[in-house]
2 protein chains.
Amino acid sequence: MIYLVEDDDNIRKLVKYALAKEGFEVTGFSVPTEFWEHMRTVMPQLVILDIMLPEEDGLSILKRLKENNKTEQIPVMMLTAKDSEFDKVTGLDMGADDYIAKPFGTMELISRVRAVIRRYDKTRSKNIFQIGELYVEPAKHIISVSGQEIELSYKEYLLLIVLLEAEGSVVDRNTLLTRVWGEYYTESRTLDVHIRKLRVKLGEAGSLIQTVKGIGYKIGGGSYA
Amino acid sequence: MIYLVEDDDNIRKLVKYALAKEGFEVTGFSVPTEFWEHMRTVMPQLVILDIMLPEEDGLSILKRLKENNKTEQIPVMMLTAKDSEFDKVTGLDMGADDYIAKPFGTMELISRVRAVIRRYDKTRSKNIFQIGELYVEPAKHIISVSGQEIELSYKEYLLLIVLLEAEGSVVDRNTLLTRVWGEYYTESRTLDVHIRKLRVKLGEAGSLIQTVKGIGYKIGGGSYA
DNA sequence: TTGAAAGATTAACATAGAATTAACATACAC
DNA sequence: GTGTATGTTAATTCTATGTTAATCTTTCAA
């Protein structure tokens, strides 16, 4: 479902028609109030916002969407009337996922919509990690090495996920401590012990966890296995 | 620095002119080979690719850029000639950061370029450094010379980063001592020893670190060493 | 309520490599 | 040449992390 907020009847119909023909379900709104009402019930895959609107302008809507953590991941595309407006929107950079300037071609619109949705889907399904022999699927709480499923304790699991989410990048000790153990923690050997247990349980994949002395640990990326 | 690969002389000039007027440094290439050659020495902030090119098409270039982990984070913007082409590019979704359809307005081009670069700067707060054969990516803790990864100790690493952050400028001994070792430090040979170890480990890139007698050290910049 | 188990944490020690220092060498400015 | 700044080397000290086992905690079934 795509939500389109646009007060110009012609454009609204045009966009609805073009996207509908491509198989998208589109609900159009001419005023923001209606839009917000529907947002409370059904969340869309994508929101397309005109800038100039009665009652509340598109930028304000965008801002509210991105400030709310229930809606912040919904991709938003802005429709801009003039080049100068376009510039203003991108300049403010309030987190819109794409911008399209009026007048726009139908093909371009469709392509951009598809691209934005695809990108979004990709980041969501990014919830599966695979590095070498290690395979982790958080949604199902599956961790396996060379096809062999492995059991991890809660902290070990969290630790692994934090490292995986930054795959290839170093995560410093402090970040690990706060993300896995919560705010402040007296430095002790706890982290090291957990890293060790993780490495042991991961077996051959244990060497994927690299120590970066003085900083922290990282998993995958760069170096040799 | 922005790299633009476009074989149509008129468009290349137009884009160069438009972006130059906005303060961007643009280098244009009419054939991919030239582009690749320059990529080996200086990495740009952004690459703008036409799709139809002699020798190697834009999609292939895009693919190669995104497959190489040294270039994958460089934002890429595709120029597409027709709507159908536009559709094709976004459809393949090989990780381009934006698409712009010809004919395009100058304002839109500039806005999109700015938006892409801004987004990029935001995600990559830590930069990537490349001087000659030396390549450093702090976030991933990757240091390599001539493509060969190198291991540095913590202080050596810090020292290198401090120098790199001031690339081309001299960093005096005192600044180095305080930034790497913390407030006050009795003058000893420590710094020199670390500089030496760094130079040795960097191998051929070691000569990039120049001594500025009486002041400190600098990396890169005017080198007639 | 009690008592295994598993998990988390701490204590205690090991150890590889780093950092530092000392001691001397060299280069360069004056 | 003299003196000062930096280079070089090796010996010494130190530190971060690894490792193991003991001790706390929590959970949960009997």
# chains A, B, ... in the order shown; residues from 1 in each chain; ligands from 1
call {"tool": "interface_residues", "arguments": {"of": "chain C", "to": "chain B", "cutoff": "12 Å", "atoms": "only C-alpha atoms (C1' of nucleotides)", "output": "CSV table (one decimal) with C-alpha atoms (C1' of nucleotides), in the first residue's frame"}}
result
chain,number,residue,atom,x,y,z
C,17,DG,C1',53.5,-7.9,22.1
C,18,DA,C1',53.7,-3.0,23.0
C,19,DA,C1',55.5,0.9,25.0
C,20,DT,C1',59.2,2.9,27.1
C,21,DT,C1',63.8,4.0,28.1
C,22,DA,C1',68.7,4.1,27.8
C,23,DA,C1',72.6,4.5,25.2
C,27,DA,C1',72.6,14.7,10.5
C,28,DC,C1',72.3,19.4,10.2
C,29,DA,C1',72.6,24.4,11.5
call {"tool": "residues_around", "arguments": {"residues": "region 157-160 of chain B", "least_positions_apart": "4", "cutoff": "9 Å", "atoms": "only C-alpha atoms (C1' of nucleotides)", "output": "PyMOL selection string"}}
result
chain B and resi 141+143+151-153+164-165+176-177+179-180+194-195+198+219
call {"tool": "write_last_selection", "arguments": {"atoms": "C-alpha atoms", "output": "PDB file, in the first residue's frame"}}
result
ATOM      1  CA  HIS B 141      40.603  -0.535  11.057  1.00  0.00           C
ATOM      2  CA  ILE B 143      45.495  -0.098   6.839  1.00  0.00           C
ATOM      3  CA  GLU B 151      49.018  -4.582  11.206  1.00  0.00           C
ATOM      4  CA  LEU B 152      49.742  -1.653  13.426  1.00  0.00           C
ATOM      5  CA  SER B 153      49.844  -1.446  17.177  1.00  0.00           C
ATOM      6  CA  LEU B 164      46.403  11.744   8.313  1.00  0.00           C
ATOM      7  CA  GLU B 165      43.773  14.015   9.750  1.00  0.00           C
ATOM      8  CA  LEU B 176      51.352  14.500  18.518  1.00  0.00           C
ATOM      9  CA  LEU B 177      52.373  13.736  22.065  1.00  0.00           C
ATOM     10  CA  ARG B 179      46.865  13.610  20.959  1.00  0.00           C
ATOM     11  CA  VAL B 180      48.396  10.163  21.067  1.00  0.00           C
ATOM     12  CA  HIS B 194      57.078   5.112  17.189  1.00  0.00           C
ATOM     13  CA  ILE B 195      57.538   7.130  14.044  1.00  0.00           C
ATOM     14  CA  LEU B 198      55.448   3.203  11.661  1.00  0.00           C
ATOM     15  CA  ILE B 219      52.262  13.086   5.984  1.00  0.00           C
TER      16      ILE B 219
END
call {"tool": "atom_distance", "arguments": {"atom1": "CA of Val31 (chain B)", "atom2": "CA of Gly105 (chain A)"}}
result
29.5 Å
call {"tool": "closest_residue", "arguments": {"among": "A:Glu56, A:Asp93, A:Met43, A:Gly220", "to": "Ile117 (chain B)", "atoms": "only C-alpha atoms"}}
result
A:Asp93
call {"tool": "select_by_dssp", "arguments": {"residues": "region 1-199 of chain A", "states": "alpha helix (DSSP H)", "output": "PyMOL selection string"}}
result
chain A and resi 9-21+32-41+58-67+83-92+106-125+154-165+173-176+190-199
call {"tool": "residues_around", "arguments": {"residues": "region 16-30 of chain D", "least_positions_apart": "2", "cutoff": "9 Å", "atoms": "only C-alpha atoms (C1' of nucleotides)", "output": "list of chain:residue names"}}
result
A:Arg189, A:Asp192, A:Val193, A:Arg196, A:Thr211, A:Lys213, A:Gly214, C:DT2, C:DA5, C:DA6, C:DG7, C:DA8, C:DT9, C:DT10, C:DA11, C:DC13, C:DA14, C:DT15
call {"tool": "calpha_fit_and_write", "arguments": {"fixed": "chain B", "moving": "chain A", "output": "JSON list (two decimals) with C-alpha atoms, in the first residue's frame"}}
result
[["chain", "number", "residue", "atom", "x", "y", "z"],
["A", 1, "MET", "CA", 36.98, 7.71, -19.50],
["A", 2, "ILE", "CA", 33.40, 8.38, -18.40],
["A", 3, "TYR", "CA", 30.71, 5.70, -18.43],
["A", 4, "LEU", "CA", 27.17, 6.83, -19.02],
["A", 5, "VAL", "CA", 24.23, 4.50, -18.46],
["A", 6, "GLU", "CA", 21.08, 5.99, -19.96],
["A", 7, "ASP", "CA", 18.38, 4.26, -21.99],
["A", 8, "ASP", "CA", 16.96, 7.36, -23.64],
["A", 9, "ASP", "CA", 18.83, 7.64, -26.93],
["A", 10, "ASN", "CA", 18.39, 11.38, -27.22],
["A", 11, "ILE", "CA", 19.73, 12.18, -23.79],
["A", 12, "ARG", "CA", 22.58, 9.74, -24.18],
["A", 13, "LYS", "CA", 23.65, 11.36, -27.41],
["A", 14, "LEU", "CA", 23.24, 14.82, -25.99],
["A", 15, "VAL", "CA", 25.39, 14.10, -22.95],
["A", 16, "LYS", "CA", 28.01, 12.28, -24.97],
["A", 17, "TYR", "CA", 28.22, 15.14, -27.38],
["A", 18, "ALA", "CA", 28.39, 17.83, -24.74],
["A", 19, "LEU", "CA", 31.11, 16.11, -22.76],
["A", 20, "ALA", "CA", 33.04, 14.99, -25.82],
["A", 21, "LYS", "CA", 33.25, 18.60, -26.93],
["A", 22, "GLU", "CA", 34.95, 19.37, -23.64],
["A", 23, "GLY", "CA", 37.54, 16.72, -24.21],
["A", 24, "PHE", "CA", 36.06, 13.94, -22.12],
["A", 25, "GLU", "CA", 35.96, 10.43, -23.47],
["A", 26, "VAL", "CA", 32.49, 9.06, -22.97],
["A", 27, "THR", "CA", 31.15, 5.55, -23.48],
["A", 28, "GLY", "CA", 27.41, 5.25, -23.41],
["A", 29, "PHE", "CA", 25.37, 2.18, -22.46],
["A", 30, "SER", "CA", 21.66, 1.74, -22.90],
["A", 31, "VAL", "CA", 21.43, -1.32, -20.68],
["A", 32, "PRO", "CA", 23.19, -2.10, -17.41],
["A", 33, "THR", "CA", 24.47, -5.48, -18.58],
["A", 34, "GLU", "CA", 26.71, -3.87, -21.14],
["A", 35, "PHE", "CA", 27.94, -1.46, -18.54],
["A", 36, "TRP", "CA", 28.91, -4.20, -16.11],
["A", 37, "GLU", "CA", 30.71, -6.04, -18.84],
["A", 38, "HIS", "CA", 32.89, -3.05, -19.57],
["A", 39, "MET", "CA", 33.46, -2.40, -15.89],
["A", 40, "ARG", "CA", 35.26, -5.69, -15.74],
["A", 41, "THR", "CA", 37.85, -4.53, -18.21],
["A", 42, "VAL", "CA", 38.29, -0.78, -17.97],
["A", 43, "MET", "CA", 37.51, 1.32, -14.91],
["A", 44, "PRO", "CA", 36.19, 4.77, -15.66],
["A", 45, "GLN", "CA", 36.99, 8.07, -13.92],
["A", 46, "LEU", "CA", 33.31, 8.72, -13.46],
["A", 47, "VAL", "CA", 30.00, 6.93, -13.85],
["A", 48, "ILE", "CA", 26.85, 8.80, -14.78],
["A", 49, "LEU", "CA", 23.68, 6.86, -14.05],
["A", 50, "ASP", "CA", 20.11, 7.40, -15.02],
["A", 51, "ILE", "CA", 17.67, 6.21, -12.41],
["A", 52, "MET", "CA", 15.04, 4.62, -14.59],
["A", 53, "LEU", "CA", 16.68, 1.89, -16.61],
["A", 54, "PRO", "CA", 15.65, -1.43, -18.06],
["A", 55, "GLU", "CA", 16.72, -4.55, -16.16],
["A", 56, "GLU", "CA", 18.37, -2.86, -13.21],
["A", 57, "ASP", "CA", 17.71, 0.63, -11.96],
["A", 58, "GLY", "CA", 20.37, 3.23, -11.33],
["A", 59, "LEU", "CA", 20.07, 3.05, -7.57],
["A", 60, "SER", "CA", 20.84, -0.61, -7.59],
["A", 61, "ILE", "CA", 23.87, -0.05, -9.79],
["A", 62, "LEU", "CA", 25.04, 2.70, -7.48],
["A", 63, "LYS", "CA", 24.64, 0.42, -4.51],
["A", 64, "ARG", "CA", 26.65, -2.35, -6.13],
["A", 65, "LEU", "CA", 29.41, 0.07, -7.09],
["A", 66, "LYS", "CA", 29.70, 1.48, -3.61],
["A", 67, "GLU", "CA", 29.62, -1.93, -1.97],
["A", 68, "ASN", "CA", 32.55, -3.25, -3.95],
["A", 69, "ASN", "CA", 35.83, -1.98, -2.65],
["A", 70, "LYS", "CA", 37.37, -1.99, -6.10],
["A", 71, "THR", "CA", 34.81, 0.44, -7.40],
["A", 72, "GLU", "CA", 33.73, 2.34, -4.33],
["A", 73, "GLN", "CA", 36.08, 5.24, -4.95],
["A", 74, "ILE", "CA", 34.85, 5.84, -8.49],
["A", 75, "PRO", "CA", 32.68, 8.95, -8.38],
["A", 76, "VAL", "CA", 29.08, 8.50, -9.43],
["A", 77, "MET", "CA", 26.66, 11.12, -10.66],
["A", 78, "MET", "CA", 22.94, 10.44, -10.79],
["A", 79, "LEU", "CA", 20.55, 11.74, -13.41],
["A", 80, "THR", "CA", 17.05, 12.21, -12.08],
["A", 81, "ALA", "CA", 13.96, 12.75, -14.14],
["A", 82, "LYS", "CA", 11.69, 14.60, -11.78],
["A", 83, "ASP", "CA", 12.08, 16.60, -8.66],
["A", 84, "SER", "CA", 10.39, 13.92, -6.61],
["A", 85, "GLU", "CA", 12.84, 11.37, -7.90],
["A", 86, "PHE", "CA", 15.66, 13.72, -7.08],
["A", 87, "ASP", "CA", 14.42, 13.95, -3.57],
["A", 88, "LYS", "CA", 14.17, 10.22, -3.27],
["A", 89, "VAL", "CA", 17.71, 9.64, -4.45],
["A", 90, "THR", "CA", 19.33, 12.20, -2.24],
["A", 91, "GLY", "CA", 17.14, 11.01, 0.60],
["A", 92, "LEU", "CA", 18.41, 7.48, 0.33],
["A", 93, "ASP", "CA", 21.91, 8.83, 0.15],
["A", 94, "MET", "CA", 23.69, 5.81, -1.11],
["A", 95, "GLY", "CA", 26.86, 7.67, -1.66],
["A", 96, "ALA", "CA", 26.38, 9.32, -5.01],
["A", 97, "ASP", "CA", 28.81, 12.18, -5.48],
["A", 98, "ASP", "CA", 26.42, 14.50, -7.21],
["A", 99, "TYR", "CA", 22.92, 14.66, -8.61],
["A", 100, "ILE", "CA", 21.60, 16.49, -11.59],
["A", 101, "ALA", "CA", 17.94, 16.97, -12.40],
["A", 102, "LYS", "CA", 16.53, 16.67, -15.90],
["A", 103, "PRO", "CA", 16.09, 18.76, -17.83],
["A", 104, "PHE", "CA", 19.56, 20.15, -17.24],
["A", 105, "GLY", "CA", 21.63, 22.74, -19.03],
["A", 106, "THR", "CA", 24.69, 21.57, -20.88],
["A", 107, "MET", "CA", 26.85, 24.04, -19.04],
["A", 108, "GLU", "CA", 25.67, 22.83, -15.68],
["A", 109, "LEU", "CA", 26.29, 19.25, -16.64],
["A", 110, "ILE", "CA", 29.82, 19.99, -17.75],
["A", 111, "SER", "CA", 30.57, 22.02, -14.67],
["A", 112, "ARG", "CA", 29.32, 19.36, -12.34],
["A", 113, "VAL", "CA", 31.24, 16.67, -14.14],
["A", 114, "ARG", "CA", 34.39, 18.69, -13.92],
["A", 115, "ALA", "CA", 33.82, 19.49, -10.27],
["A", 116, "VAL", "CA", 33.24, 15.88, -9.32],
["A", 117, "ILE", "CA", 36.30, 14.69, -11.19],
["A", 118, "ARG", "CA", 38.43, 17.40, -9.70],
["A", 119, "ARG", "CA", 37.31, 16.61, -6.19],
["A", 120, "TYR", "CA", 38.13, 13.01, -6.81],
["A", 121, "ASP", "CA", 41.60, 13.76, -8.11],
["A", 122, "LYS", "CA", 42.24, 15.89, -5.13],
["A", 123, "THR", "CA", 41.46, 13.22, -2.60],
["A", 124, "ARG", "CA", 43.64, 10.77, -4.46],
["A", 125, "SER", "CA", 46.65, 13.04, -4.60],
["A", 126, "LYS", "CA", 46.05, 13.80, -0.97],
["A", 127, "ASN", "CA", 48.66, 11.12, -0.61],
["A", 128, "ILE", "CA", 51.28, 13.70, 0.12],
["A", 129, "PHE", "CA", 51.57, 15.20, 3.54],
["A", 130, "GLN", "CA", 53.37, 18.31, 4.50],
["A", 131, "ILE", "CA", 53.35, 19.93, 7.91],
["A", 132, "GLY", "CA", 55.95, 22.45, 8.73],
["A", 133, "GLU", "CA", 59.32, 20.92, 7.99],
["A", 134, "LEU", "CA", 57.90, 17.44, 7.67],
["A", 135, "TYR", "CA", 57.25, 16.05, 4.22],
["A", 136, "VAL", "CA", 55.87, 12.55, 3.58],
["A", 137, "GLU", "CA", 55.09, 10.88, 0.30],
["A", 138, "PRO", "CA", 53.80, 7.39, 1.02],
["A", 139, "ALA", "CA", 53.72, 6.23, -2.60],
["A", 140, "LYS", "CA", 57.46, 6.71, -2.82],
["A", 141, "HIS", "CA", 58.09, 5.99, 0.83],
["A", 142, "ILE", "CA", 59.80, 9.30, 1.25],
["A", 143, "ILE", "CA", 59.94, 10.92, 4.65],
["A", 144, "SER", "CA", 61.97, 14.04, 5.01],
["A", 145, "VAL", "CA", 62.48, 16.81, 7.51],
["A", 146, "SER", "CA", 63.84, 20.12, 6.29],
["A", 147, "GLY", "CA", 64.68, 18.48, 2.99],
["A", 148, "GLN", "CA", 66.75, 15.83, 4.71],
["A", 149, "GLU", "CA", 65.52, 12.32, 4.02],
["A", 150, "ILE", "CA", 64.93, 10.10, 7.03],
["A", 151, "GLU", "CA", 64.72, 6.34, 7.52],
["A", 152, "LEU", "CA", 61.95, 4.89, 9.59],
["A", 153, "SER", "CA", 61.31, 1.34, 10.60],
["A", 154, "TYR", "CA", 58.06, -0.25, 9.47],
["A", 155, "LYS", "CA", 56.10, 0.35, 12.66],
["A", 156, "GLU", "CA", 57.41, 3.85, 13.05],
["A", 157, "TYR", "CA", 56.35, 4.55, 9.51],
["A", 158, "LEU", "CA", 52.89, 3.08, 9.98],
["A", 159, "LEU", "CA", 52.44, 5.03, 13.15],
["A", 160, "LEU", "CA", 53.35, 8.23, 11.39],
["A", 161, "ILE", "CA", 50.98, 7.54, 8.51],
["A", 162, "VAL", "CA", 48.07, 6.77, 10.81],
["A", 163, "LEU", "CA", 48.67, 10.05, 12.57],
["A", 164, "LEU", "CA", 49.06, 11.94, 9.33],
["A", 165, "GLU", "CA", 45.86, 10.57, 7.87],
["A", 166, "ALA", "CA", 44.06, 12.17, 10.74],
["A", 167, "GLU", "CA", 46.14, 15.33, 10.58],
["A", 168, "GLY", "CA", 44.96, 17.78, 13.15],
["A", 169, "SER", "CA", 42.67, 15.27, 14.85],
["A", 170, "VAL", "CA", 43.42, 13.22, 17.88],
["A", 171, "VAL", "CA", 43.95, 9.52, 17.35],
["A", 172, "ASP", "CA", 43.34, 7.61, 20.54],
["A", 173, "ARG", "CA", 45.74, 4.99, 21.82],
["A", 174, "ASN", "CA", 43.42, 2.18, 21.01],
["A", 175, "THR", "CA", 43.03, 3.17, 17.40],
["A", 176, "LEU", "CA", 46.76, 3.53, 17.08],
["A", 177, "LEU", "CA", 47.33, 0.13, 18.61],
["A", 178, "THR", "CA", 44.83, -1.62, 16.40],
["A", 179, "ARG", "CA", 45.78, 0.21, 13.23],
["A", 180, "VAL", "CA", 49.49, -0.30, 13.66],
["A", 181, "TRP", "CA", 49.70, -3.53, 15.62],
["A", 182, "GLY", "CA", 46.43, -5.19, 14.66],
["A", 183, "GLU", "CA", 43.56, -6.38, 16.80],
["A", 184, "TYR", "CA", 44.05, -6.64, 20.49],
["A", 185, "TYR", "CA", 47.18, -5.82, 22.12],
["A", 186, "THR", "CA", 48.04, -5.87, 25.77],
["A", 187, "GLU", "CA", 48.66, -2.40, 26.98],
["A", 188, "SER", "CA", 52.34, -1.94, 27.56],
["A", 189, "ARG", "CA", 54.87, 0.77, 26.90],
["A", 190, "THR", "CA", 55.29, -0.31, 23.29],
["A", 191, "LEU", "CA", 53.32, 2.55, 21.83],
["A", 192, "ASP", "CA", 55.12, 5.13, 23.91],
["A", 193, "VAL", "CA", 58.48, 3.74, 22.98],
["A", 194, "HIS", "CA", 57.63, 3.91, 19.32],
["A", 195, "ILE", "CA", 56.31, 7.41, 19.62],
["A", 196, "ARG", "CA", 59.53, 8.36, 21.29],
["A", 197, "LYS", "CA", 61.66, 6.81, 18.58],
["A", 198, "LEU", "CA", 59.59, 8.56, 15.97],
["A", 199, "ARG", "CA", 59.98, 11.89, 17.71],
["A", 200, "VAL", "CA", 63.70, 11.41, 17.99],
["A", 201, "LYS", "CA", 64.09, 10.42, 14.34],
["A", 202, "LEU", "CA", 61.96, 13.31, 13.19],
["A", 203, "GLY", "CA", 64.27, 15.68, 15.00],
["A", 204, "GLU", "CA", 62.95, 19.21, 14.93],
["A", 205, "ALA", "CA", 59.70, 17.94, 13.43],
["A", 206, "GLY", "CA", 59.31, 15.60, 16.38],
["A", 207, "SER", "CA", 57.46, 18.23, 18.31],
["A", 208, "LEU", "CA", 54.69, 18.08, 15.75],
["A", 209, "ILE", "CA", 53.51, 14.94, 17.49],
["A", 210, "GLN", "CA", 51.56, 16.13, 20.47],
["A", 211, "THR", "CA", 50.48, 14.06, 23.41],
["A", 212, "VAL", "CA", 46.84, 14.39, 24.34],
["A", 213, "LYS", "CA", 46.84, 12.99, 27.83],
["A", 214, "GLY", "CA", 44.19, 10.44, 28.57],
["A", 215, "ILE", "CA", 43.29, 10.08, 24.91],
["A", 216, "GLY", "CA", 46.16, 9.61, 22.54],
["A", 217, "TYR", "CA", 48.31, 11.59, 20.13],
["A", 218, "LYS", "CA", 47.82, 14.00, 17.29],
["A", 219, "ILE", "CA", 50.01, 15.50, 14.65],
["A", 220, "GLY", "CA", 49.78, 19.05, 13.39],
["A", 221, "GLY", "CA", 46.71, 21.21, 13.51],
["A", 222, "GLY", "CA", 45.70, 23.48, 16.32],
["A", 223, "SER", "CA", 48.57, 24.06, 18.63],
["A", 224, "TYR", "CA", 51.81, 25.82, 18.40],
["A", 225, "ALA", "CA", 54.64, 23.81, 16.91]]
call {"tool": "interface_residues", "arguments": {"of": "chain D", "to": "chain B", "cutoff": "9 Å", "atoms": "only C-alpha atoms (C1' of nucleotides)", "output": "ChimeraX atom specification"}}
result
/D:5-8
call {"tool": "write_last_selection", "arguments": {"atoms": "C-alpha atoms (C1' of nucleotides)", "output": "short mmCIF file (atom, residue, chain, number, x, y, z; two decimals), in the first residue's frame"}}
result
data_model
loop_
_atom_site.label_atom_id
_atom_site.label_comp_id
_atom_site.auth_asym_id
_atom_site.auth_seq_id
_atom_site.Cartn_x
_atom_site.Cartn_y
_atom_site.Cartn_z
"C1'" DA D 5 67.49 17.51 17.16
"C1'" DT D 6 66.29 13.33 15.44
"C1'" DG D 7 67.39 8.39 14.09
"C1'" DT D 8 68.41 3.73 15.53
#
call {"tool": "select_by_dssp", "arguments": {"residues": "region 94-225 of chain B", "states": "strand (DSSP E or B)", "output": "ChimeraX atom specification"}}
result
/B:98-101,129-131,134-137,142-145,148-149,171-172,209-212,216-219
call {"tool": "atom_distance", "arguments": {"atom1": "C1' of DT4 (chain D)", "atom2": "C1' of DT26 (chain C)"}}
result
11.9 Å
call {"tool": "decode", "arguments": {"residues": "chain D", "atoms": "C-alpha atoms (C1' of nucleotides)", "output": "compact mmCIF listing (two decimals), in the first residue's frame"}}
result
# COMPACT_ATOMS: atom_id res chain seq x y z
C1' DG D 1 83.97 21.61 14.81
C1' DT D 2 80.16 22.21 18.30
C1' DG D 3 75.71 21.54 19.79
C1' DT D 4 71.13 20.20 19.23
C1' DA D 5 67.49 17.51 17.16
C1' DT D 6 66.29 13.33 15.44
C1' DG D 7 67.39 8.39 14.09
C1' DT D 8 68.41 3.73 15.53
C1' DT D 9 68.87 -0.36 18.25
C1' DA D 10 68.28 -3.30 21.92
C1' DA D 11 67.08 -4.19 26.65
C1' DT D 12 63.58 -3.51 30.00
C1' DT D 13 59.11 -2.68 31.72
C1' DC D 14 54.40 -2.70 31.24
C1' DT D 15 49.63 -3.59 29.62
C1' DA D 16 45.85 -5.49 27.24
C1' DT D 17 43.83 -9.44 26.40
C1' DG D 18 43.58 -14.55 26.91
C1' DT D 19 42.61 -18.23 29.85
C1' DT D 20 40.99 -21.09 33.60
C1' DA D 21 38.59 -21.98 37.53
C1' DA D 22 36.01 -20.52 41.35
C1' DT D 23 32.01 -18.03 42.84
C1' DC D 24 27.91 -15.65 42.48
C1' DT D 25 22.85 -15.45 40.20
C1' DT D 26 19.02 -16.88 38.10
C1' DT D 27 15.83 -20.11 36.63
C1' DC D 28 12.88 -23.60 37.07
C1' DA D 29 11.42 -28.20 38.14
C1' DA D 30 10.46 -31.31 41.83
